[in-house]
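Engineer: My structure is in input_30.txt, and what it holds is compact mmCIF, C-alpha atoms and all ligand atoms:
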```
# COMPACT_ATOMS: atom_id res chain seq x y z
CA MET N 1 0.17 26.39 -3.43
CA SER N 2 -1.97 24.52 -0.90
CA ARG N 3 -3.71 23.06 -3.97
CA HIS N 4 -0.43 21.78 -5.41
CA THR N 5 1.28 20.24 -2.37
CA SER N 6 0.45 17.06 -0.45
CA LEU N 7 0.61 18.92 2.89
CA GLN N 8 -2.05 21.29 1.54
CA VAL N 9 -0.66 24.46 3.10
CA GLY N 10 1.01 27.55 1.64
CA GLY N 11 0.12 30.85 -0.01
CA PRO N 12 -0.04 31.64 -3.71
CA ALA N 13 2.80 31.77 -6.21
CA ASP N 14 2.93 34.71 -8.61
CA TYR N 15 2.97 32.42 -11.63
CA LEU N 16 2.35 28.72 -12.19
CA VAL N 17 3.37 27.69 -15.69
CA PHE N 18 2.85 24.46 -17.61
CA PRO N 19 5.14 24.57 -20.67
CA ARG N 20 3.74 22.20 -23.31
CA ASP N 21 7.12 21.07 -24.64
CA LEU N 22 10.85 21.67 -24.25
CA GLU N 23 10.82 24.67 -26.57
CA GLU N 24 8.25 26.39 -24.36
CA LEU N 25 10.25 25.41 -21.29
CA GLN N 26 13.34 27.03 -22.83
CA ALA N 27 11.33 30.18 -23.61
CA VAL N 28 9.99 30.31 -20.04
CA LEU N 29 13.49 29.94 -18.57
CA LEU N 30 14.91 32.69 -20.79
CA LEU N 31 12.00 34.98 -19.89
CA ALA N 32 12.55 34.31 -16.17
CA GLN N 33 16.27 35.21 -16.57
CA GLU N 34 15.54 38.30 -18.60
CA LYS N 35 12.98 39.63 -16.12
CA GLY N 36 14.89 38.45 -13.04
CA ILE N 37 12.01 36.24 -11.87
CA PRO N 38 13.03 33.46 -9.46
CA PHE N 39 11.59 30.04 -10.22
CA PHE N 40 11.52 26.47 -9.01
CA VAL N 41 10.33 23.21 -10.53
CA LEU N 42 7.33 21.51 -9.00
CA GLY N 43 6.90 17.74 -9.11
CA HIS N 44 3.92 16.41 -7.16
CA GLY N 45 4.67 18.73 -4.25
CA SER N 46 4.95 15.73 -1.92
CA ASN N 47 8.14 16.92 -0.22
CA LEU N 48 7.36 20.62 -0.09
CA LEU N 49 6.31 23.14 2.52
CA VAL N 50 5.36 26.46 0.93
CA ARG N 51 5.25 29.35 3.38
CA ASP N 52 1.97 31.22 4.00
CA GLU N 53 3.38 34.31 2.27
CA GLY N 54 3.48 32.25 -0.92
CA TYR N 55 6.20 32.36 -3.52
CA ARG N 56 7.23 35.57 -5.27
CA GLY N 57 8.27 33.97 -8.49
CA MET N 58 7.42 31.32 -11.01
CA VAL N 59 6.55 27.71 -10.30
CA ILE N 60 7.18 25.48 -13.29
CA SER N 61 5.32 22.20 -13.74
CA LEU N 62 6.66 19.69 -16.26
CA ALA N 63 3.37 17.75 -16.25
CA SER N 64 2.79 18.48 -19.95
CA ALA N 65 6.37 18.72 -21.26
CA CYS N 66 7.94 15.64 -19.64
CA SER N 67 5.38 12.89 -19.23
CA ARG N 68 6.40 10.43 -21.94
CA TYR N 69 8.03 7.04 -21.34
CA ASP N 70 9.54 4.31 -23.49
CA PHE N 71 10.35 0.77 -22.30
CA MET N 72 13.40 -0.44 -24.24
CA GLU N 73 15.37 -3.66 -24.08
CA ASP N 74 17.59 -2.92 -21.09
CA ARG N 75 16.20 0.40 -19.85
CA VAL N 76 13.14 2.61 -19.58
CA LYS N 77 13.41 6.25 -20.56
CA ALA N 78 10.84 8.25 -18.66
CA GLY N 79 10.02 11.94 -18.37
CA ALA N 80 10.53 13.77 -15.09
CA ALA N 81 6.77 14.20 -14.59
CA VAL N 82 5.98 10.47 -14.77
CA PRO N 83 4.45 9.47 -11.41
CA LEU N 84 6.77 7.19 -9.46
CA PRO N 85 4.02 4.84 -8.10
CA TRP N 86 2.75 4.34 -11.64
CA LEU N 87 6.27 3.55 -12.88
CA ALA N 88 6.79 1.07 -10.03
CA ARG N 89 3.56 -0.75 -10.93
CA GLU N 90 4.54 -0.76 -14.61
CA PHE N 91 7.92 -2.33 -13.72
CA ALA N 92 6.11 -5.03 -11.76
CA ARG N 93 3.49 -5.64 -14.47
CA ARG N 94 6.24 -6.12 -17.06
CA GLY N 95 8.27 -8.38 -14.72
CA TYR N 96 11.14 -6.00 -13.89
CA LYS N 97 12.46 -5.89 -10.33
CA GLY N 98 14.08 -3.16 -8.26
CA LEU N 99 11.42 -0.42 -8.12
CA GLU N 100 8.96 -2.13 -5.75
CA PHE N 101 10.10 0.16 -2.91
CA ALA N 102 8.79 3.20 -4.81
CA ALA N 103 5.17 2.11 -5.25
CA GLY N 104 4.10 4.06 -2.15
CA ILE N 105 6.22 7.20 -2.69
CA PRO N 106 3.78 9.79 -4.04
CA GLY N 107 6.20 11.86 -6.16
CA THR N 108 7.32 12.22 -9.76
CA LEU N 109 10.41 10.59 -11.24
CA GLY N 110 12.13 14.04 -11.41
CA GLY N 111 11.35 14.80 -7.74
CA ALA N 112 12.51 11.30 -6.75
CA ILE N 113 15.86 11.73 -8.52
CA PHE N 114 16.35 15.23 -7.09
CA MET N 115 15.66 13.89 -3.57
CA ASN N 116 17.14 10.42 -4.19
CA ALA N 117 13.90 9.03 -2.79
CA GLY N 118 14.13 5.66 -1.14
CA ALA N 119 12.52 3.16 1.20
CA PHE N 120 13.15 -0.34 2.57
CA GLY N 121 16.91 0.04 2.08
CA SER N 122 16.68 0.89 -1.65
CA TYR N 123 16.84 4.23 -3.41
CA ILE N 124 16.16 5.50 -6.92
CA GLY N 125 19.81 6.43 -7.61
CA GLU N 126 20.68 2.71 -7.72
CA LEU N 127 18.64 2.29 -10.92
CA VAL N 128 19.64 5.47 -12.76
CA ILE N 129 21.73 4.97 -15.92
CA GLU N 130 21.63 8.57 -17.11
CA VAL N 131 19.70 11.80 -16.63
CA VAL N 132 18.83 14.44 -19.23
CA THR N 133 18.92 17.98 -17.86
CA MET N 134 18.28 21.52 -19.06
CA ASP N 135 20.36 24.38 -17.71
CA LEU N 136 19.15 27.92 -17.11
CA GLN N 137 20.14 28.95 -20.64
CA GLY N 138 17.87 26.23 -22.02
CA CYS N 139 20.72 23.88 -23.09
CA CYS N 140 20.08 20.14 -22.75
CA ARG N 141 22.73 17.62 -21.68
CA ILE N 142 22.85 13.90 -21.12
CA ARG N 143 24.52 13.15 -17.80
CA PRO N 144 25.92 9.61 -17.62
CA HIS N 145 25.93 7.72 -14.36
CA THR N 146 29.62 8.55 -13.82
CA GLU N 147 28.66 12.25 -13.50
CA LEU N 148 25.93 11.61 -10.95
CA ASN N 149 26.15 11.30 -7.18
CA PHE N 150 23.53 9.91 -4.87
CA SER N 151 23.54 9.48 -1.12
CA TYR N 152 20.89 9.40 1.60
CA ARG N 153 18.09 11.74 0.35
CA TRP N 154 20.70 13.67 -1.63
CA SER N 155 21.62 13.95 -5.29
CA ASN N 156 24.14 16.23 -7.00
CA PHE N 157 21.12 18.06 -8.49
CA GLN N 158 20.47 19.70 -5.11
CA ASP N 159 23.70 21.67 -5.65
CA GLU N 160 23.11 22.51 -9.31
CA ASP N 161 20.88 24.95 -11.16
CA VAL N 162 19.43 22.50 -13.65
CA ILE N 163 16.07 20.99 -14.43
CA ILE N 164 15.73 17.22 -14.67
CA LEU N 165 13.87 16.44 -17.89
CA GLU N 166 14.17 12.70 -18.24
CA ALA N 167 16.00 9.68 -16.86
CA ALA N 168 16.93 6.22 -18.04
CA LEU N 169 16.47 3.49 -15.42
CA ALA N 170 17.95 0.00 -15.67
CA LEU N 171 15.55 -2.89 -16.27
CA GLN N 172 16.37 -6.11 -14.44
CA PRO N 173 14.11 -9.04 -15.30
CA GLY N 174 12.67 -10.93 -12.36
CA ASN N 175 9.74 -13.14 -11.43
CA ARG N 176 6.56 -11.11 -11.93
CA GLU N 177 4.54 -12.81 -9.19
CA GLU N 178 7.36 -12.43 -6.69
CA ILE N 179 7.83 -8.76 -7.61
CA GLU N 180 4.11 -8.03 -7.25
CA ARG N 181 3.94 -9.84 -3.91
CA ASN N 182 6.98 -7.96 -2.66
CA MET N 183 5.42 -4.66 -3.74
CA GLU N 184 2.07 -5.38 -2.08
CA ASP N 185 3.88 -6.37 1.16
CA MET N 186 5.73 -3.05 1.14
CA LEU N 187 2.53 -1.11 0.41
CA ASN N 188 0.73 -2.89 3.26
CA GLU N 189 3.57 -2.19 5.67
CA ARG N 190 3.52 1.50 4.74
CA ALA N 191 -0.26 1.69 5.05
CA ALA N 192 0.01 0.29 8.59
CA ARG N 193 2.92 2.55 9.64
CA HIS N 194 2.12 5.87 7.98
CA PRO N 195 -0.67 8.30 8.90
CA HIS N 196 -3.38 8.81 6.27
CA GLN N 197 -3.92 12.56 6.67
CA PRO N 198 -2.23 15.11 4.36
CA SER N 199 1.53 15.32 4.99
CA ALA N 200 4.86 15.79 3.22
CA GLY N 201 6.18 12.39 4.32
CA SER N 202 9.11 12.30 6.74
CA VAL N 203 9.82 15.80 7.98
CA PHE N 204 13.40 15.15 9.14
CA ARG N 205 16.29 13.17 7.74
CA ASN N 206 16.88 10.12 9.90
CA PRO N 207 19.88 10.32 12.27
CA PRO N 208 21.01 7.04 13.88
CA GLY N 209 18.07 5.77 15.91
CA GLY N 210 15.54 7.48 13.65
CA ALA N 211 13.94 10.92 13.88
CA GLY N 212 10.53 9.43 14.70
CA TYR N 213 11.90 7.58 17.72
CA LEU N 214 13.74 10.67 19.04
CA ILE N 215 10.61 12.81 18.65
CA GLU N 216 8.55 10.18 20.43
CA GLN N 217 11.12 9.95 23.26
CA ALA N 218 11.02 13.74 23.57
CA GLY N 219 7.29 13.35 24.35
CA LEU N 220 6.12 15.20 21.26
CA LYS N 221 3.89 12.64 19.55
CA GLY N 222 0.36 14.04 19.34
CA MET N 223 1.46 17.63 19.92
CA ALA N 224 -0.58 20.17 17.93
CA VAL N 225 -0.06 23.78 16.88
CA GLY N 226 -3.17 25.17 15.18
CA GLY N 227 -4.23 22.63 12.58
CA ALA N 228 -0.83 20.90 12.39
CA LEU N 229 -0.19 17.75 14.42
CA ILE N 230 2.85 15.58 15.11
CA SER N 231 1.25 12.31 14.14
CA PRO N 232 0.44 10.08 17.13
CA GLN N 233 1.13 7.19 14.72
CA HIS N 234 4.57 8.24 13.45
CA GLY N 235 6.70 10.90 15.15
CA ASN N 236 8.47 11.96 11.95
CA PHE N 237 5.21 12.92 10.22
CA ILE N 238 3.49 16.28 10.68
CA VAL N 239 -0.06 16.06 9.38
CA ASN N 240 -2.61 18.68 8.40
CA THR N 241 -5.79 17.97 10.35
CA GLY N 242 -7.80 20.30 8.13
CA ASN N 243 -6.96 23.94 8.65
CA ALA N 244 -3.19 23.97 9.23
CA THR N 245 -1.08 26.87 8.02
CA ALA N 246 2.56 26.67 6.98
CA THR N 247 3.36 28.70 10.10
CA ASP N 248 1.74 26.00 12.28
CA VAL N 249 3.90 23.33 10.61
CA LEU N 250 7.07 25.44 10.92
CA SER N 251 6.32 25.99 14.63
CA LEU N 252 6.12 22.24 15.22
CA ILE N 253 9.35 21.73 13.25
CA SER N 254 11.07 24.30 15.41
CA ILE N 255 9.70 22.79 18.67
CA ALA N 256 10.79 19.28 17.63
CA ARG N 257 14.31 20.47 16.75
CA ASP N 258 14.65 22.39 20.04
CA LYS N 259 13.37 19.53 22.24
CA VAL N 260 15.44 16.83 20.52
CA ARG N 261 18.57 19.02 20.71
CA GLU N 262 17.90 19.73 24.39
CA LYS N 263 17.23 16.10 25.32
CA PHE N 264 19.66 14.20 23.08
CA GLY N 265 22.11 16.81 21.76
CA ILE N 266 21.14 15.77 18.22
CA GLU N 267 20.42 18.34 15.51
CA LEU N 268 17.47 17.22 13.39
CA GLU N 269 17.87 18.26 9.75
CA PRO N 270 14.69 18.81 7.72
CA GLU N 271 14.21 16.52 4.75
CA ILE N 272 11.27 18.53 3.40
CA ARG N 273 12.04 21.51 1.18
CA VAL N 274 10.76 24.87 2.43
CA ILE N 275 9.82 27.33 -0.29
CA GLY N 276 8.86 31.02 -0.28
CA GLY N 277 8.98 33.94 2.15
CA ASN N 278 12.15 35.96 2.81
CA GLY N 279 13.14 35.62 -0.84
CA LYS N 280 14.33 32.07 -0.09
CA ASN N 281 13.37 29.60 -2.74
CA ARG N 282 15.74 26.67 -2.94
CA GLY N 283 14.59 24.70 0.03
CA GLU N 284 16.52 26.30 2.86
CA ILE N 285 15.13 26.39 6.36
CA GLU N 286 16.55 28.61 9.04
C1 LIG P 1 2.76 10.10 2.43
C2 LIG P 1 4.16 10.34 1.94
C3 LIG P 1 5.10 9.33 2.01
C4 LIG P 1 6.41 9.54 1.57
N1 LIG P 1 7.30 8.51 1.65
C5 LIG P 1 8.56 8.70 1.19
C6 LIG P 1 9.51 7.62 1.24
O1 LIG P 1 9.22 6.51 1.65
N2 LIG P 1 10.77 7.86 0.79
C7 LIG P 1 11.14 9.08 0.30
O2 LIG P 1 12.31 9.25 -0.09
N3 LIG P 1 10.27 10.11 0.26
C8 LIG P 1 8.99 9.95 0.68
N4 LIG P 1 8.11 10.99 0.62
C9 LIG P 1 8.56 12.32 0.14
C10 LIG P 1 8.37 12.59 -1.36
O3 LIG P 1 7.30 11.82 -1.89
C11 LIG P 1 9.63 12.31 -2.15
O4 LIG P 1 10.70 13.14 -1.73
C12 LIG P 1 9.41 12.53 -3.65
O5 LIG P 1 10.53 12.04 -4.35
C13 LIG P 1 9.21 14.00 -4.04
O6 LIG P 1 8.80 14.04 -5.38
P1 LIG P 1 7.85 15.22 -5.91
O7 LIG P 1 7.67 15.01 -7.38
O8 LIG P 1 6.60 15.31 -5.12
O9 LIG P 1 8.78 16.48 -5.67
P2 LIG P 1 8.37 17.91 -5.09
O10 LIG P 1 7.93 17.75 -3.67
O11 LIG P 1 7.44 18.60 -6.01
O12 LIG P 1 9.78 18.63 -5.13
C14 LIG P 1 10.82 18.23 -4.26
C15 LIG P 1 12.12 18.94 -4.69
O13 LIG P 1 12.53 18.41 -5.95
C16 LIG P 1 12.69 19.46 -6.89
N5 LIG P 1 12.28 18.93 -8.20
C17 LIG P 1 11.15 18.25 -8.49
N6 LIG P 1 11.14 17.90 -9.79
C18 LIG P 1 12.28 18.38 -10.34
C19 LIG P 1 12.84 18.37 -11.65
N7 LIG P 1 12.22 17.77 -12.68
N8 LIG P 1 14.04 18.97 -11.84
C20 LIG P 1 14.69 19.58 -10.81
N9 LIG P 1 14.20 19.64 -9.55
C21 LIG P 1 13.02 19.03 -9.31
C22 LIG P 1 11.76 20.56 -6.41
O14 LIG P 1 12.15 21.84 -6.91
C23 LIG P 1 11.92 20.44 -4.91
O15 LIG P 1 13.08 21.12 -4.46
C24 LIG P 1 6.78 10.80 1.04
C25 LIG P 1 5.83 11.83 0.96
C26 LIG P 1 4.53 11.61 1.40
C27 LIG P 1 3.52 12.72 1.29
```
Can you turn what I pasted into structure tokens?

Structural biologist:
Amino acid sequence: MSRHTSLQVGGPADYLVFPRDLEELQAVLLLAQEKGIPFFVLGHGSNLLVRDEGYRGMVISLASACSRYDFMEDRVKAGAAVPLPWLAREFARRGYKGLEFAAGIPGTLGGAIFMNAGAFGSYIGELVIEVVTMDLQGCCRIRPHTELNFSYRWSNFQDEDVIILEAALALQPGNREEIERNMEDMLNERAARHPHQPSAGSVFRNPPGGAGYLIEQAGLKGMAVGGALISPQHGNFIVNTGNATATDVLSLISIARDKVREKFGIELEPEIRVIGGNGKNRGEIE
């Protein structure tokens, strides 16, 4: 899985499947149920830490089945596998505002909705009109906005066993030049603030004050375990300097949590999803 995650660590999965369409996805889900094979859906792997033991189950990529999009009068319908930065640029190019914040978030639309990805005070849930899902029996449903819940890096999908297939996002016309300028400003700010080595973005959810600040104040910036490093540039990023293992990253996570708890009495909660090992597969971390 090191080849399929932005952090570039993690052992192999038993199966990696790319259903070509929704019928094949249905068949794959039914097969997984029948054979008792655990599975999870992979977006761009930009918020994932797969353990070194790998994943004893099936990883499903929607790259082929859910990559279509359609710009309509008041909304865009886009497949879960559509890359978020591409969608943000397309909004800007067509003169629609509201998605500039997402141009630098390296995930898919499905992963962004699942995580309620956000930046600069905005988040994807604000634009979502409806989401199309498939349940484990292969049944599709349209979920209107009234059935959806979004809060900081959380969506109702984190508590449900469904696959996000597609979403409709609201289109709000704006001034194209202004939107593009706004987007470039945000991209420049990120480029200056964020490290450029492989990472999974912010490791911890931000408590008041910010996880990066607390980690810095605990004296942990620049600390390394094996090939994993708490970025000297941004305390809430753990980067892979070349030969990191998932165990190295998990050690740094554990050290950061212990030190911040000790010094400030604050419990840092991981934002990244940890997959594999111990039969755990839905993103839990102990
Ligand atoms: C350099 C960098 C910067 C980042 N900056 C930000 C930022 O500013 N703001 C922010 O919020 N995040 C940020 N992230 C984190 C990450 O990009 C987001 O969380 C993103 O939304 C994850 O999308 P993904 O497609 O990569 O999902 P993945 O990492 O592949 O998966 C994340 C979770 O979503 C689930 N999932 C994915 N697709 C589906 C689907 N179709 N149906 C059901 N479940 C699904 C997966 O099973 C997994 O549990 C950053 C990451 C990096 C590497």

Engineer: Kindly work out which residues sit at most 6 Å from ligand LIG 1 (chain P), using all atoms listed in the file, and give the list as a PyMOL selection string.

Structural biologist: chain N and resi 6+40-48+80+105-108+110-112+114-115+117-119+163-165+199-201+273+283

Engineer: Using Å and a single decimal, report how far atom CA of N:His145 sits from atom CA of N:Asp161.

Structural biologist: 18.2 Å

Engineer: Give the answer as one residue: which of N:Asp258, N:Asp52, N:Glu147, N:Glu73 has the shortest atom-to-atom distance to N:Val132, using only C-alpha atoms?

Structural biologist: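 Answer, going by the shortest atom-to-atom distance: N:Glu147.
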
Engineer: When distances are computed from all atoms listed in the file, which of N:Asn182, N:Gln33, N:Gly227, N:Cys139 shows the smallest separation from N:Thr245?

Structural biologist: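 Nearest candidate to N:Thr245 out of N:Asn182, N:Gln33, N:Gly227, N:Cys139: N:Gly227.
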
Engineer: Find the distance between atom CA of N:Phe264 and atom CA of N:Leu214 and write it in Å to one decimal.

Structural biologist: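 Distance reported for this atom pair: 8.0 Å.
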
Engineer: Provide the atom CA of N:Leu136 to atom CA of N:Val82 distance in Å, to one decimal place.

Structural biologist: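 Going from atom CA of N:Leu136 over to atom CA of N:Val82 covers 22.0 Å.
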
Engineer: Within 12 Å of N:Trp86, counting all atoms listed in the file, which residues qualify if same-chain residues fewer than 3 places away don't, as an NGL selection string?

Structural biologist: :N and (67 or 69 or 78 or 81-83 or 89-93 or 99-100 or 102-109)

Engineer: Could you write those residues out with C-alpha atoms, as a tab-separated table (two decimals), keeping the file's coordinate frame?

Structural biologist:
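File out.tsv, as written:
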```tsv
chain	number	residue	atom	x	y	z
N	67	SER	CA	5.38	12.89	-19.23
N	69	TYR	CA	8.03	7.04	-21.34
N	78	ALA	CA	10.84	8.25	-18.66
N	81	ALA	CA	6.77	14.20	-14.59
N	82	VAL	CA	5.98	10.47	-14.77
N	83	PRO	CA	4.45	9.47	-11.41
N	89	ARG	CA	3.56	-0.75	-10.93
N	90	GLU	CA	4.54	-0.76	-14.61
N	91	PHE	CA	7.92	-2.33	-13.72
N	92	ALA	CA	6.11	-5.03	-11.76
N	93	ARG	CA	3.49	-5.64	-14.47
N	99	LEU	CA	11.42	-0.42	-8.12
N	100	GLU	CA	8.96	-2.13	-5.75
N	102	ALA	CA	8.79	3.20	-4.81
N	103	ALA	CA	5.17	2.11	-5.25
N	104	GLY	CA	4.10	4.06	-2.15
N	105	ILE	CA	6.22	7.20	-2.69
N	106	PRO	CA	3.78	9.79	-4.04
N	107	GLY	CA	6.20	11.86	-6.16
N	108	THR	CA	7.32	12.22	-9.76
N	109	LEU	CA	10.41	10.59	-11.24
```

Engineer: Can you work out which one of N:Ala168, N:Phe157, N:Ser64, N:Leu229 has the shortest atom-to-atom distance to N:Lys77, counting only C-alpha atoms?

Structural biologist: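 Among the listed residues, N:Ala168 lies closest to N:Lys77.
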